[in-house]
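S.K.: Okay, handing you the structure first.
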Number of protein chains: 2
Amino acid sequence: MTPEKTDNSFFVGEKPLMNYVTAAVMHFTAKNAPEITLKARGKFMGTAIDASQVITNRFLKDQAHIHDVRLGSEEFTNKEGRKVRVSTIEINIRRK
Amino acid sequence: MTPEKTDNSFFVGEKPLMNYVTAAVMHFTAKNAPEITLKARGKFMGTAIDASQVITNRFLKDQAHIHDVRLGSEEFTNKEGRKVRVSTIEINIRRK
């Protein structure tokens with residue numbers, strides 16, 4: 001998963017934390033987006049949570065807050081043909 | 001962090017996922033608790049999310065759901081005297 005963006009969503013993956021923080025903050029400030037959503041799966045969920053904290057406690061402390069957190073599961077078949085389950089998180093951040 | 005329990009809270013740490021799942025499900029079913037909260041910090045947040053999914057999608061599929069998810073940050077001073085920030089998660093699971 002790369003930090004691609006669909007609408008106001010950012011997919012958090014293996015890049016450094018600050019890449020996602022910067023991209024999301026820019027989207028908020030420069031593009032004046034009303035909300036952003038950080039999405040991640042599996043081991044990258046922690047990075048998405050860290051990013052949400054840096055965004056709402058530091059860069060956009062007075063401007064944005066965590067509005068909603070959704071947890072979920074996805075199942076897919078891996079290369080070896082085995083069914084694998086992975087957890088997902090979506091963190092919705094909105095203007096105050 | 002060990003899987004200690006205060007009231008209906010379970011602190012998720014480095015033990016195997018199923019330890020936390022079993023402890024929480026038992027608390028729900030045997031002790032008839034109205035709710036449980038899974039709490040974790042840093043790299044263990046993913047384990048807490050995984051546990052919430054196994055609990056609500058498999059063991060207590062018809063009995064419980066994720067009611068609320070709270071994200072936060074804690075700062076502490078490590079052994080080297082450096083200030084360290086860590087993200088936290090609390091997942092509240094309630095009876096349907």
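The chains in the structure tokens are called A, B, ... from first to last as shown; in each chain the residues are counted from 1, and the ligands are counted from 1 in the order shown.
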Give me, as a VMD selection string, the residues of chain A touching chain B, with the criterion being at most 8 Å (counting only C-alpha atoms).
M.R.: chain A and resid 42 to 43 45 to 46 49 to 50 53 69 to 73 86 to 87
S.K.: Would you mind writing down, as an MDAnalysis selection string, each residue of chain A that DSSP on the backbone assigns to strand (DSSP E)?
M.R.: chainID A and resid 5:6 9:11 35:41 64:77 83:95
S.K.: Tell me which of A:Glu74, A:Asn32, A:Lys39, A:Lys15 sits closest to Arg94 of chain A, counting only C-alpha atoms.
M.R.: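 Looking only at the distances to Arg94 of chain A, the closest residue turns out to be A:Asn32.
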S.K.: So which one's closest to Thr37 of chain B, B:Met18, B:Thr56, B:Ala24, B:Gln63? Using only C-alpha atoms, please.
M.R.: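 Using only C-alpha atoms, Thr37 of chain B sits closest to B:Ala24.
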S.K.: List every residue of chain A that DSSP, applied to the backbone of this structure, assigns to helix (DSSP H, G or I), and report them as a PyMOL selection string.
M.R.: chain A and resi 17-29+42-59
S.K.: Mind pulling up the distance from atom CA of Glu35 of chain A to atom CA of Asn8 of chain A?
M.R.: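 A separation of 6.7 Å between them.
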S.K.: Nearest to Thr29 of chain A among A:Leu60, A:Pro16, A:Glu90, A:Phe76, with distances taken over only C-alpha atoms: which residue is it?
M.R.: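 Using only C-alpha atoms, Thr29 of chain A sits closest to A:Leu60.
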S.K.: Rounded to one decimal, what separation in Å do you get between atom CA of Ser9 of chain B and atom CA of Leu38 of chain A?
M.R.: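 Computing it gives 26.7 Å between the two atoms.
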S.K.: Which residue is closest to Asn19 of chain A? Choose from A:Ile55, A:His65, A:Lys31, A:Asn78 and count only C-alpha atoms.
M.R.: A:Ile55
S.K.: Can you tell me how far atom CA of Ala23 of chain A sits from atom CA of His67 of chain A, in Å to one decimal?
M.R.: 18.9 Å
S.K.: Give the answer as one residue: which of A:Val21, A:Pro34, A:Phe59, A:Lys83 has the shortest atom-to-atom distance to Lys96 of chain A, using only C-alpha atoms?
M.R.: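 Distance minimum relative to Lys96 of chain A lands on A:Pro34.
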